[in-house]
file work11.pdb (PDB, C-alpha atoms)
ATOM      1  CA  MET D   1      91.937 131.280 113.994
ATOM      2  CA  THR D   2      92.392 134.126 116.426
ATOM      3  CA  GLY D   3      91.167 134.520 119.777
ATOM      4  CA  ALA D   4      91.340 134.180 123.511
ATOM      5  CA  SER D   5      93.073 136.728 125.659
ATOM      6  CA  GLY D   6      94.585 135.946 129.019
ATOM      7  CA  GLY D   7      94.689 132.591 130.757
ATOM      8  CA  SER D   8      96.982 129.630 130.339
ATOM      9  CA  GLY D   9      97.457 127.866 127.063
ATOM     10  CA  PHE D  10      98.941 124.850 125.381
ATOM     11  CA  LEU D  11     101.311 124.034 122.582
ATOM     12  CA  ALA D  12     100.642 120.939 120.429
ATOM     13  CA  VAL D  13     103.211 119.654 117.927
ATOM     14  CA  ASP D  14     103.192 116.901 115.330
ATOM     15  CA  SER D  15     106.708 116.189 114.012
ATOM     16  CA  GLY D  16     107.175 113.751 111.150
ATOM     17  CA  GLY D  17     108.782 113.083 107.829
ATOM     18  CA  SER D  18     106.864 115.900 106.153
ATOM     19  CA  GLY D  19     107.853 118.554 108.707
ATOM     20  CA  LEU D  20     106.255 120.211 111.739
ATOM     21  CA  ARG D  21     102.629 121.078 112.386
ATOM     22  CA  VAL D  22     102.022 123.277 115.408
ATOM     23  CA  VAL D  23      98.915 124.512 117.241
ATOM     24  CA  VAL D  24      98.529 127.013 120.081
ATOM     25  CA  GLY D  25      95.302 127.090 122.075
ATOM     26  CA  THR D  26      93.637 126.880 125.458
ATOM     27  CA  ALA D  27      91.631 124.173 127.176
ATOM     28  CA  GLU D  28      88.656 126.537 127.346
ATOM     29  CA  HIS D  29      88.676 127.741 123.727
ATOM     30  CA  GLY D  30      90.470 124.919 121.897
ATOM     31  CA  PRO D  31      92.909 125.619 119.036
ATOM     32  CA  LEU D  32      93.462 129.328 118.406
ATOM     33  CA  ALA D  33      96.162 129.341 115.720
ATOM     34  CA  ARG D  34      98.134 126.803 113.700
ATOM     35  CA  ARG D  35     101.128 126.812 111.381
ATOM     36  CA  ALA D  36     103.315 124.296 109.585
ATOM     37  CA  SER D  37     106.846 123.939 108.279
ATOM     38  CA  ASP D  38     107.687 121.480 105.501
ATOM     39  CA  GLU D  39     111.280 120.944 106.680
ATOM     40  CA  PRO D  40     111.553 117.779 108.795
ATOM     41  CA  VAL D  41     113.691 117.696 111.936
ATOM     42  CA  ARG D  42     117.107 116.129 111.376
ATOM     43  CA  THR D  43     118.312 112.934 112.995
ATOM     44  CA  GLY D  44     121.922 112.351 113.990
ATOM     45  CA  ASP D  45     124.123 110.343 116.347
ATOM     46  CA  ARG D  46     121.762 111.014 119.254
ATOM     47  CA  GLY D  47     118.636 110.368 117.235
ATOM     48  CA  ILE D  48     116.187 113.236 116.696
ATOM     49  CA  ASP D  49     118.244 116.439 116.941
ATOM     50  CA  PRO D  50     116.845 118.601 119.783
ATOM     51  CA  GLU D  51     118.702 121.753 118.664
ATOM     52  CA  HIS D  52     117.362 121.502 115.133
ATOM     53  CA  PHE D  53     113.912 120.743 116.554
ATOM     54  CA  MET D  54     113.937 123.972 118.560
ATOM     55  CA  ALA D  55     115.367 125.942 115.639
ATOM     56  CA  ARG D  56     112.400 124.863 113.519
ATOM     57  CA  LEU D  57     109.845 125.241 116.323
ATOM     58  CA  VAL D  58     110.680 128.600 117.906
ATOM     59  CA  PRO D  59     109.764 130.905 114.995
ATOM     60  CA  LEU D  60     106.523 129.021 114.445
ATOM     61  CA  VAL D  61     105.514 129.358 118.100
ATOM     62  CA  ARG D  62     106.481 133.044 118.231
ATOM     63  CA  ALA D  63     104.226 133.723 115.255
ATOM     64  CA  LEU D  64     101.414 131.630 116.708
ATOM     65  CA  THR D  65     101.421 133.301 120.123
ATOM     66  CA  ALA D  66     101.355 136.693 118.431
ATOM     67  CA  GLU D  67      98.354 135.575 116.387
ATOM     68  CA  ALA D  68      96.528 133.895 119.254
ATOM     69  CA  GLY D  69      96.712 136.837 121.623
ATOM     70  CA  ALA D  70      97.814 136.947 125.249
ATOM     71  CA  VAL D  71      98.106 133.217 125.837
ATOM     72  CA  ARG D  72     100.542 132.039 128.507
ATOM     73  CA  LEU D  73     101.840 128.629 127.478
ATOM     74  CA  THR D  74     101.889 126.258 130.444
ATOM     75  CA  ALA D  75     101.799 122.832 128.773
ATOM     76  CA  ALA D  76     103.142 121.250 125.605
ATOM     77  CA  VAL D  77     102.646 117.922 123.871
ATOM     78  CA  VAL D  78     105.128 116.885 121.204
ATOM     79  CA  GLY D  79     104.276 113.878 119.068
ATOM     80  CA  ALA D  80     107.295 112.751 117.053
ATOM     81  CA  THR D  81     107.957 110.043 114.514
ATOM     82  CA  GLY D  82     110.782 107.830 115.763
ATOM     83  CA  LEU D  83     110.542 108.982 119.381
ATOM     84  CA  ALA D  84     110.477 105.438 120.793
ATOM     85  CA  SER D  85     113.847 104.486 119.297
ATOM     86  CA  LEU D  86     115.419 107.864 118.428
ATOM     87  CA  GLY D  87     114.112 110.132 121.174
ATOM     88  CA  ALA D  88     116.844 110.091 123.834
ATOM     89  CA  GLY D  89     118.065 113.574 122.942
ATOM     90  CA  LEU D  90     114.571 115.039 122.888
ATOM     91  CA  ARG D  91     113.678 113.482 126.240
ATOM     92  CA  ALA D  92     116.876 114.851 127.805
ATOM     93  CA  GLU D  93     116.789 118.390 126.406
ATOM     94  CA  LEU D  94     113.366 119.414 125.106
ATOM     95  CA  PRO D  95     111.548 120.014 128.444
ATOM     96  CA  GLY D  96     114.274 122.410 129.564
ATOM     97  CA  ALA D  97     114.416 124.156 126.202
ATOM     98  CA  LEU D  98     110.657 124.682 126.132
ATOM     99  CA  ALA D  99     110.752 126.042 129.682
ATOM    100  CA  ARG D 100     113.506 128.522 128.791
ATOM    101  CA  GLU D 101     111.955 129.717 125.545
ATOM    102  CA  PHE D 102     108.250 129.786 126.401
ATOM    103  CA  GLY D 103     107.872 129.205 130.141
ATOM    104  CA  VAL D 104     106.233 125.815 129.589
ATOM    105  CA  ARG D 105     106.229 123.831 132.848
ATOM    106  CA  ARG D 106     104.627 120.536 131.778
ATOM    107  CA  VAL D 107     105.826 118.694 128.698
ATOM    108  CA  ALA D 108     104.593 115.375 127.323
ATOM    109  CA  LEU D 109     106.715 113.639 124.690
ATOM    110  CA  ALA D 110     104.760 111.040 122.747
ATOM    111  CA  ALA D 111     105.547 108.606 119.972
ATOM    112  CA  ASP D 112     103.579 109.416 116.846
ATOM    113  CA  ALA D 113     101.737 106.110 117.283
ATOM    114  CA  VAL D 114     100.373 107.441 120.593
ATOM    115  CA  THR D 115      99.185 110.735 119.095
ATOM    116  CA  ALA D 116      97.689 108.786 116.174
ATOM    117  CA  TYR D 117      95.846 106.632 118.721
ATOM    118  CA  VAL D 118      94.519 109.598 120.687
ATOM    119  CA  GLY D 119      93.554 111.421 117.497
ATOM    120  CA  ALA D 120      91.582 108.403 116.353
ATOM    121  CA  LEU D 121      90.005 107.109 119.586
ATOM    122  CA  GLY D 122      90.689 109.632 122.329
ATOM    123  CA  SER D 123      91.401 108.396 125.859
ATOM    124  CA  ARG D 124      89.440 105.167 125.488
ATOM    125  CA  PRO D 125      90.603 101.540 125.419
ATOM    126  CA  GLY D 126      91.031  99.935 122.020
ATOM    127  CA  ALA D 127      93.497  99.552 119.170
ATOM    128  CA  VAL D 128      94.580 101.684 116.240
ATOM    129  CA  ILE D 129      96.263 100.587 113.024
ATOM    130  CA  ALA D 130      98.353 103.448 111.652
ATOM    131  CA  GLY D 131      99.280 102.894 108.020
ATOM    132  CA  GLY D 132     101.287 105.024 105.647
ATOM    133  CA  THR D 133     104.616 104.165 104.110
ATOM    134  CA  GLY D 134     105.059 101.902 107.141
ATOM    135  CA  LEU D 135     102.627 100.257 109.519
ATOM    136  CA  ILE D 136     102.245  99.999 113.265
ATOM    137  CA  ALA D 137      99.443  98.924 115.571
ATOM    138  CA  ILE D 138      99.066 100.328 119.059
ATOM    139  CA  GLY D 139      96.594  99.463 121.784
ATOM    140  CA  THR D 140      95.835 100.299 125.388
ATOM    141  CA  ASP D 141      93.586  99.163 128.205
ATOM    142  CA  LEU D 142      94.376 102.526 129.878
ATOM    143  CA  ALA D 143      96.815 100.745 132.216
ATOM    144  CA  GLY D 144      99.650 100.362 129.701
ATOM    145  CA  TRP D 145     100.535 100.496 126.014
ATOM    146  CA  ARG D 146     101.162  97.652 123.596
ATOM    147  CA  ARG D 147     102.629  98.033 120.121
ATOM    148  CA  ALA D 148     103.134  95.633 117.247
ATOM    149  CA  ASP D 149     105.304  96.009 114.154
ATOM    150  CA  GLY D 150     106.551  99.440 113.114
ATOM    151  CA  TRP D 151     109.984  97.853 112.533
ATOM    152  CA  GLY D 152     110.711  99.565 109.232
ATOM    153  CA  HIS D 153     110.555  98.358 105.667
ATOM    154  CA  LEU D 154     113.488  95.947 105.938
ATOM    155  CA  LEU D 155     112.335  94.088 109.057
ATOM    156  CA  GLY D 156     108.596  94.628 109.189
ATOM    157  CA  ASP D 157     105.915  97.267 108.537
ATOM    158  CA  CYS D 158     103.961  94.307 107.151
ATOM    159  CA  GLY D 159     100.926  95.419 105.197
ATOM    160  CA  GLY D 160     102.079  99.042 104.963
ATOM    161  CA  GLY D 161     102.481 101.087 101.809
ATOM    162  CA  ALA D 162     106.086 100.079 101.151
ATOM    163  CA  TRP D 163     105.194  96.424 101.783
ATOM    164  CA  ILE D 164     102.290  96.556  99.300
ATOM    165  CA  GLY D 165     104.369  98.396  96.717
ATOM    166  CA  ARG D 166     107.277  95.968  97.029
ATOM    167  CA  ALA D 167     104.916  92.973  96.712
ATOM    168  CA  GLY D 168     103.409  94.523  93.592
ATOM    169  CA  LEU D 169     106.817  95.068  92.041
ATOM    170  CA  GLU D 170     107.852  91.516  92.903
ATOM    171  CA  ALA D 171     104.771  90.253  91.047
ATOM    172  CA  ALA D 172     105.744  92.445  88.108
ATOM    173  CA  LEU D 173     109.245  90.947  88.045
ATOM    174  CA  ARG D 174     107.798  87.432  88.264
ATOM    175  CA  ALA D 175     105.740  88.164  85.171
ATOM    176  CA  HIS D 176     108.809  89.583  83.430
ATOM    177  CA  ASP D 177     110.738  86.374  84.226
ATOM    178  CA  GLY D 178     107.906  83.999  83.410
ATOM    179  CA  ARG D 179     107.710  82.685  86.980
ATOM    180  CA  GLU D 180     104.512  81.630  88.735
ATOM    181  CA  GLY D 181     102.718  84.277  90.742
ATOM    182  CA  GLY D 182     103.409  87.043  88.269
ATOM    183  CA  SER D 183     100.995  89.685  87.021
ATOM    184  CA  ALA D 184     101.137  91.079  83.504
ATOM    185  CA  ARG D 185      98.924  93.965  84.607
ATOM    186  CA  LEU D 186     101.292  94.913  87.432
ATOM    187  CA  LEU D 187     104.245  94.548  85.045
ATOM    188  CA  ALA D 188     102.670  97.085  82.717
ATOM    189  CA  CYS D 189     101.995  99.432  85.646
ATOM    190  CA  ALA D 190     105.548  99.086  86.940
ATOM    191  CA  GLU D 191     107.039  99.937  83.555
ATOM    192  CA  ASP D 192     104.680 102.879  83.253
ATOM    193  CA  VAL D 193     105.918 104.256  86.600
ATOM    194  CA  PHE D 194     109.584 103.190  86.736
ATOM    195  CA  GLY D 195     110.538 102.329  83.161
ATOM    196  CA  PRO D 196     111.846  98.928  82.018
ATOM    197  CA  VAL D 197     111.734  96.606  85.034
ATOM    198  CA  ALA D 198     115.162  95.173  84.273
ATOM    199  CA  GLY D 199     116.454  98.509  85.579
ATOM    200  CA  LEU D 200     114.445  98.458  88.816
ATOM    201  CA  PRO D 201     117.268  97.339  91.126
ATOM    202  CA  GLY D 202     119.564 100.081  89.935
ATOM    203  CA  ALA D 203     116.762 102.636  90.133
ATOM    204  CA  LEU D 204     115.493 101.721  93.617
ATOM    205  CA  TYR D 205     118.306 100.259  95.718
ATOM    206  CA  PRO D 206     120.499 103.396  95.949
ATOM    207  CA  ARG D 207     117.624 105.764  96.741
ATOM    208  CA  PRO D 208     117.662 107.266 100.262
ATOM    209  CA  ASP D 209     113.856 107.464 100.068
ATOM    210  CA  ARG D 210     113.457 103.825  99.045
ATOM    211  CA  PRO D 211     110.505 103.126 101.418
ATOM    212  CA  ALA D 212     108.577 106.087  99.999
ATOM    213  CA  ALA D 213     109.431 105.045  96.438
ATOM    214  CA  LEU D 214     108.099 101.553  97.100
ATOM    215  CA  ALA D 215     104.981 102.943  98.778
ATOM    216  CA  SER D 216     104.293 105.146  95.760
ATOM    217  CA  PHE D 217     103.413 101.964  93.848
ATOM    218  CA  ALA D 218     100.789 100.826  96.387
ATOM    219  CA  PRO D 219      97.935 102.850  94.805
ATOM    220  CA  ARG D 220      98.715 101.211  91.455
ATOM    221  CA  VAL D 221      98.426  97.788  93.093
ATOM    222  CA  ALA D 222      95.058  98.828  94.520
ATOM    223  CA  ALA D 223      93.892 100.139  91.145
ATOM    224  CA  CYS D 224      94.640  96.736  89.593
ATOM    225  CA  ALA D 225      92.985  94.732  92.361
ATOM    226  CA  GLU D 226      89.435  94.832  90.994
ATOM    227  CA  GLU D 227      90.384  92.864  87.868
ATOM    228  CA  ASP D 228      93.741  91.303  88.749
ATOM    229  CA  PRO D 229      93.716  88.357  91.202
ATOM    230  CA  VAL D 230      97.419  88.761  92.016
ATOM    231  CA  ALA D 231      96.924  92.410  93.032
ATOM    232  CA  ALA D 232      93.800  91.484  94.995
ATOM    233  CA  GLY D 233      95.787  88.767  96.771
ATOM    234  CA  ILE D 234      98.432  91.299  97.778
ATOM    235  CA  LEU D 235      95.814  93.529  99.408
ATOM    236  CA  ARG D 236      94.268  90.511 101.127
ATOM    237  CA  ALA D 237      97.687  89.538 102.507
ATOM    238  CA  ALA D 238      98.236  93.136 103.670
ATOM    239  CA  ALA D 239      94.883  93.019 105.460
ATOM    240  CA  ARG D 240      95.869  89.770 107.214
ATOM    241  CA  HIS D 241      99.106  91.356 108.431
ATOM    242  CA  MET D 242      97.207  94.380 109.756
ATOM    243  CA  ALA D 243      94.688  92.176 111.549
ATOM    244  CA  ASP D 244      97.546  90.149 113.068
ATOM    245  CA  SER D 245      99.107  93.336 114.455
ATOM    246  CA  ALA D 246      95.775  94.643 115.740
ATOM    247  CA  ALA D 247      95.064  91.332 117.469
ATOM    248  CA  ALA D 248      98.458  91.492 119.188
ATOM    249  CA  VAL D 249      97.685  94.837 120.854
ATOM    250  CA  CYS D 250      93.910  94.978 121.250
ATOM    251  CA  PRO D 251      92.657  94.681 124.841
ATOM    252  CA  GLY D 252      89.975  92.132 125.655
ATOM    253  CA  GLY D 253      86.303  92.891 125.914
ATOM    254  CA  ALA D 254      84.170  94.975 123.556
ATOM    255  CA  SER D 255      87.015  97.064 122.150
ATOM    256  CA  ARG D 256      87.095  99.643 119.408
ATOM    257  CA  VAL D 257      89.512  99.403 116.484
ATOM    258  CA  ALA D 258      90.258 102.355 114.198
ATOM    259  CA  VAL D 259      92.512 102.854 111.219
ATOM    260  CA  THR D 260      94.355 106.046 110.442
ATOM    261  CA  GLY D 261      96.928 107.278 107.943
ATOM    262  CA  GLY D 262      97.291 107.965 104.256
ATOM    263  CA  LEU D 263      97.443 104.284 103.274
ATOM    264  CA  PHE D 264      93.719 103.916 103.902
ATOM    265  CA  ARG D 265      92.895 106.423 101.166
ATOM    266  CA  ILE D 266      93.087 103.296  98.998
ATOM    267  CA  GLY D 267      89.543 102.735 100.216
ATOM    268  CA  ASP D 268      87.330  99.679 100.097
ATOM    269  CA  ARG D 269      89.746  97.563  98.081
ATOM    270  CA  LEU D 270      91.840  97.442 101.250
ATOM    271  CA  LEU D 271      89.239  98.150 103.925
ATOM    272  CA  ALA D 272      86.818  95.411 102.841
ATOM    273  CA  PRO D 273      89.341  92.573 103.259
ATOM    274  CA  LEU D 274      90.603  94.220 106.442
ATOM    275  CA  ASP D 275      87.113  94.168 107.947
ATOM    276  CA  GLU D 276      86.816  90.478 107.041
ATOM    277  CA  GLU D 277      90.177  89.672 108.637
ATOM    278  CA  LEU D 278      89.397  91.713 111.772
ATOM    279  CA  ALA D 279      86.101  89.846 112.165
ATOM    280  CA  LYS D 280      88.045  86.567 112.171
ATOM    281  CA  ARG D 281      90.812  87.688 114.528
ATOM    282  CA  LEU D 282      88.885  90.068 116.809
ATOM    283  CA  PRO D 283      85.231  89.024 116.886
ATOM    284  CA  HIS D 284      84.716  90.971 120.134
ATOM    285  CA  ALA D 285      85.881  94.260 118.558
ATOM    286  CA  ARG D 286      84.245  96.641 116.115
ATOM    287  CA  ARG D 287      85.908  99.006 113.695
ATOM    288  CA  VAL D 288      84.920 102.632 114.168
ATOM    289  CA  PRO D 289      85.842 105.717 112.127
ATOM    290  CA  ALA D 290      88.936 107.600 113.256
ATOM    291  CA  GLU D 291      87.939 110.892 114.842
ATOM    292  CA  GLY D 292      91.083 112.752 113.786
ATOM    293  CA  ASP D 293      94.755 112.591 112.836
ATOM    294  CA  PRO D 294      97.973 112.677 114.946
ATOM    295  CA  LEU D 295      97.917 116.479 115.240
ATOM    296  CA  HIS D 296      94.365 116.223 116.557
ATOM    297  CA  GLY D 297      95.737 113.713 119.075
ATOM    298  CA  SER D 298      98.468 116.133 120.173
ATOM    299  CA  VAL D 299      95.874 118.884 120.588
ATOM    300  CA  ARG D 300      93.608 116.645 122.670
ATOM    301  CA  MET D 301      96.474 115.635 124.927
ATOM    302  CA  ALA D 302      97.796 119.194 125.267
ATOM    303  CA  ALA D 303      94.376 120.557 126.237
ATOM    304  CA  GLU D 304      94.058 117.835 128.865
ATOM    305  CA  LEU D 305      97.586 118.414 130.175
ATOM    306  CA  SER D 306      97.053 122.182 130.438
ATOM    307  CA  ALA D 307      93.928 121.579 132.523
ATOM    308  CA  GLY D 308      95.420 118.930 134.799
ATOM    309  CA  ALA D 309      97.029 115.522 134.299
ATOM    310  CA  LEU D 310      96.876 113.096 131.400
ATOM    311  CA  THR D 311      94.557 110.139 131.895
ATOM    312  CA  LEU D 312      96.615 108.014 129.493
ATOM    313  CA  PRO D 313      99.225 105.606 130.874
ATOM    314  CA  GLY D 314     102.842 106.713 130.898
ATOM    315  CA  ASP D 315     105.596 104.711 129.240
ATOM    316  CA  GLU D 316     109.362 105.174 129.243
ATOM    317  CA  THR D 317     109.625 105.427 125.470
ATOM    318  CA  MET D 318     106.051 105.876 124.193
ATOM    319  CA  LEU D 319     104.701 108.640 126.465
ATOM    320  CA  SER D 320     106.639 110.518 129.133
ATOM    321  CA  VAL D 321     105.572 113.629 131.068
ATOM    322  CA  THR D 322     107.999 116.075 132.690
ATOM    323  CA  THR D 323     106.849 118.687 135.213
ATOM    324  CA  ARG D 324     109.189 121.526 136.168
ATOM    325  CA  SER D 325     108.858 123.852 139.119
ATOM    326  CA  GLY D 326     108.503 127.503 138.262
ATOM    327  CA  ASP D 327     106.891 130.804 139.080
TER     328      ASP D 327
END
call {"tool": "encode", "arguments": {"input": "work11.pdb", "output": "structure tokens"}}
result
Amino acid sequence: MTGASGGSGFLAVDSGGSGLRVVVGTAEHGPLARRASDEPVRTGDRGIDPEHFMARLVPLVRALTAEAGAVRLTAAVVGATGLASLGAGLRAELPGALAREFGVRRVALAADAVTAYVGALGSRPGAVIAGGTGLIAIGTDLAGWRRADGWGHLLGDCGGGAWIGRAGLEAALRAHDGREGGSARLLACAEDVFGPVAGLPGALYPRPDRPAALASFAPRVAACAEEDPVAAGILRAAARHMADSAAAVCPGGASRVAVTGGLFRIGDRLLAPLDEELAKRLPHARRVPAEGDPLHGSVRMAAELSAGALTLPGDETMLSVTTRSGD
């Protein structure tokens, strides 16, 4: 995409476990150029490392502004995984760094759940279930934000990819042991993917990417669900957990609920029980298709911020806006 000359522009960033995705554009013309880097930003003692963030971002933005033409960047929205709990360094340093490097005067830092919400529903009240390796639900009545779960694979993320994969492997081990609740079909799948299940603890426990390894088994659970009642029960339980989280954050009234994230590529084997559970827990709400992904949410917010002020509610950890004086 190439394009607009002159005028003020925006920078939109989606930072996650798979790297950075960056868009430059203007409120008038929309996105003009986009690039990506597959190296994720490091985390350290202060959480997300602001210096490494800028080191990854600067060359991408330089290339994008050259491609997009004479666009003066005035606003930036950065959506980042882990911002709510690991974003102190970014909140302290990133607005100043973006002002020095690119002249950006208004910066919004958003948790990835917020950009996922805006990508899916825009600036409207409702709730979004974001499911991938983990799972979080976020909702707003446009006066404040509410979140549920997103506590990681050891303490929560109930119904997410790692949760489904772990439940499937537990059923496989039950079948291996001869305990109730086991599934011979899931046992065969587990051995096909990981080798003899007696070696699973040694293969999985030391892995630094253990959540992703567990989540990699979720599609196999879904593939078994049509003919295997244990696998189908796991997906039903995942759907109940998702509906519980959505009910905890969804505002009252005729609200919209959307789902977003790679987990839902599983399709109807997960979505059908989810719709049934949502109808029980949230009879006043209706599920609608997600309009876009977290990067789309960052772009929407950045276009709005470059044209004026965000209509979304601020929050100390979920969504903060910094405005700097300048020329």
call {"tool": "closest_atom_pairs", "arguments": {"input": "work11.pdb", "of": "segment 102-215 of chain D", "to": "segment 288-304 of chain D", "cutoff": "12 Å", "atoms": "only C-alpha atoms", "output": "Markdown table"}}
result
| residue | atom | partner | partner_atom | distance |
| --- | --- | --- | --- | --- |
| D:Val104 | CA | D:Ala302 | CA | 11.6 |
| D:Arg106 | CA | D:Ala302 | CA | 9.5 |
| D:Val107 | CA | D:Ala302 | CA | 8.7 |
| D:Ala108 | CA | D:Ala302 | CA | 8.1 |
| D:Leu109 | CA | D:Ser298 | CA | 9.7 |
| D:Ala110 | CA | D:Ser298 | CA | 8.5 |
| D:Ala111 | CA | D:Pro294 | CA | 10.0 |
| D:Asp112 | CA | D:Pro294 | CA | 6.8 |
| D:Ala113 | CA | D:Pro294 | CA | 7.9 |
| D:Val114 | CA | D:Gly297 | CA | 7.9 |
| D:Thr115 | CA | D:Gly297 | CA | 4.6 |
| D:Ala116 | CA | D:Pro294 | CA | 4.1 |
| D:Tyr117 | CA | D:Gly297 | CA | 7.1 |
| D:Val118 | CA | D:Gly297 | CA | 4.6 |
| D:Gly119 | CA | D:Gly297 | CA | 3.5 |
| D:Ala120 | CA | D:Ala290 | CA | 4.2 |
| D:Leu121 | CA | D:Glu291 | CA | 6.4 |
| D:Gly122 | CA | D:Gly297 | CA | 7.3 |
| D:Ser123 | CA | D:Met301 | CA | 8.9 |
| D:Gly126 | CA | D:Val288 | CA | 10.3 |
| D:Ala127 | CA | D:Val288 | CA | 10.4 |
| D:Val128 | CA | D:Ala290 | CA | 8.7 |
| D:Ile129 | CA | D:Ala290 | CA | 10.1 |
| D:Ala130 | CA | D:Pro294 | CA | 9.8 |
| D:Gly131 | CA | D:Asp293 | CA | 11.7 |
call {"tool": "residues_around", "arguments": {"input": "work11.pdb", "residues": "Leu187 of chain D", "least_positions_apart": "5", "cutoff": "10 Å", "atoms": "only C-alpha atoms", "output": "list of chain:residue names"}}
result
D:Gly168, D:Leu169, D:Glu170, D:Ala171, D:Ala172, D:Leu173, D:Arg174, D:Ala175, D:His176, D:Gly182, D:Asp192, D:Val193, D:Pro196, D:Val197
call {"tool": "write_last_selection", "arguments": {"input": "work11.pdb", "atoms": "C-alpha atoms", "output": "compact mmCIF listing (two decimals), keeping the file's coordinate frame"}}
result
# COMPACT_ATOMS: atom_id res chain seq x y z
CA GLY D 168 103.41 94.52 93.59
CA LEU D 169 106.82 95.07 92.04
CA GLU D 170 107.85 91.52 92.90
CA ALA D 171 104.77 90.25 91.05
CA ALA D 172 105.74 92.44 88.11
CA LEU D 173 109.24 90.95 88.04
CA ARG D 174 107.80 87.43 88.26
CA ALA D 175 105.74 88.16 85.17
CA HIS D 176 108.81 89.58 83.43
CA GLY D 182 103.41 87.04 88.27
CA ASP D 192 104.68 102.88 83.25
CA VAL D 193 105.92 104.26 86.60
CA PRO D 196 111.85 98.93 82.02
CA VAL D 197 111.73 96.61 85.03
call {"tool": "atom_distance", "arguments": {"input": "work11.pdb", "atom1": "atom CA of Ala215 of chain D", "atom2": "atom CA of Thr133 of chain D"}}
result
5.5 Å
call {"tool": "residues_around", "arguments": {"input": "work11.pdb", "residues": "segment 84-100 of chain D", "least_positions_apart": "6", "cutoff": "6 Å", "atoms": "all atoms listed in the file", "output": "number ranges by chain"}}
result
D: 46-48, 50, 107, 111, 317-318
call {"tool": "atom_distance", "arguments": {"input": "work11.pdb", "atom1": "atom CA of Thr140 of chain D", "atom2": "atom CA of Thr323 of chain D"}}
result
23.6 Å
call {"tool": "closest_residue", "arguments": {"input": "work11.pdb", "among": "D:Val41, D:Ala68, D:Arg166, D:Leu274", "to": "Ala237 of chain D", "atoms": "only C-alpha atoms"}}
result
D:Leu274
call {"tool": "build_atoms", "arguments": {"input": "work11.pdb", "residues": "segment 263-274 of chain D", "atoms": "N, CA, C and O atoms", "output": "mmCIF file, in the frame of the given file"}}
result
data_model
loop_
_atom_site.group_PDB
_atom_site.id
_atom_site.type_symbol
_atom_site.label_atom_id
_atom_site.label_comp_id
_atom_site.auth_asym_id
_atom_site.auth_seq_id
_atom_site.Cartn_x
_atom_site.Cartn_y
_atom_site.Cartn_z
ATOM 1 N N LEU D 263 97.601 105.549 103.986
ATOM 2 C CA LEU D 263 97.443 104.284 103.274
ATOM 3 C C LEU D 263 95.974 103.949 103.044
ATOM 4 O O LEU D 263 95.608 103.372 102.008
ATOM 5 N N PHE D 264 95.113 104.335 103.972
ATOM 6 C CA PHE D 264 93.719 103.916 103.902
ATOM 7 C C PHE D 264 92.899 104.770 102.937
ATOM 8 O O PHE D 264 91.702 104.519 102.755
ATOM 9 N N ARG D 265 93.563 105.739 102.276
ATOM 10 C CA ARG D 265 92.895 106.423 101.166
ATOM 11 C C ARG D 265 92.661 105.469 100.001
ATOM 12 O O ARG D 265 91.884 105.782 99.095
ATOM 13 N N ILE D 266 93.346 104.332 100.005
ATOM 14 C CA ILE D 266 93.087 103.296 98.998
ATOM 15 C C ILE D 266 91.613 102.916 98.994
ATOM 16 O O ILE D 266 91.048 102.589 97.951
ATOM 17 N N GLY D 267 90.980 102.943 100.151
ATOM 18 C CA GLY D 267 89.543 102.735 100.216
ATOM 19 C C GLY D 267 89.140 101.282 100.364
ATOM 20 O O GLY D 267 89.862 100.460 100.928
ATOM 21 N N ASP D 268 87.954 100.973 99.824
ATOM 22 C CA ASP D 268 87.330 99.679 100.097
ATOM 23 C C ASP D 268 88.123 98.493 99.577
ATOM 24 O O ASP D 268 87.953 97.375 100.072
ATOM 25 N N ARG D 269 88.962 98.695 98.581
ATOM 26 C CA ARG D 269 89.746 97.563 98.081
ATOM 27 C C ARG D 269 90.699 97.031 99.146
ATOM 28 O O ARG D 269 91.107 95.875 99.095
ATOM 29 N N LEU D 270 91.050 97.876 100.110
ATOM 30 C CA LEU D 270 91.840 97.442 101.250
ATOM 31 C C LEU D 270 90.983 97.273 102.496
ATOM 32 O O LEU D 270 91.161 96.318 103.269
ATOM 33 N N LEU D 271 90.035 98.174 102.704
ATOM 34 C CA LEU D 271 89.239 98.150 103.925
ATOM 35 C C LEU D 271 88.280 96.957 103.973
ATOM 36 O O LEU D 271 88.032 96.407 105.056
ATOM 37 N N ALA D 272 87.748 96.552 102.831
ATOM 38 C CA ALA D 272 86.818 95.411 102.841
ATOM 39 C C ALA D 272 87.509 94.125 103.294
ATOM 40 O O ALA D 272 87.008 93.446 104.208
ATOM 41 N N PRO D 273 88.669 93.762 102.720
ATOM 42 C CA PRO D 273 89.341 92.573 103.259
ATOM 43 C C PRO D 273 89.829 92.762 104.688
ATOM 44 O O PRO D 273 89.863 91.804 105.463
ATOM 45 N N LEU D 274 90.183 93.985 105.063
ATOM 46 C CA LEU D 274 90.603 94.220 106.442
ATOM 47 C C LEU D 274 89.449 93.950 107.405
ATOM 48 O O LEU D 274 89.643 93.315 108.458
#
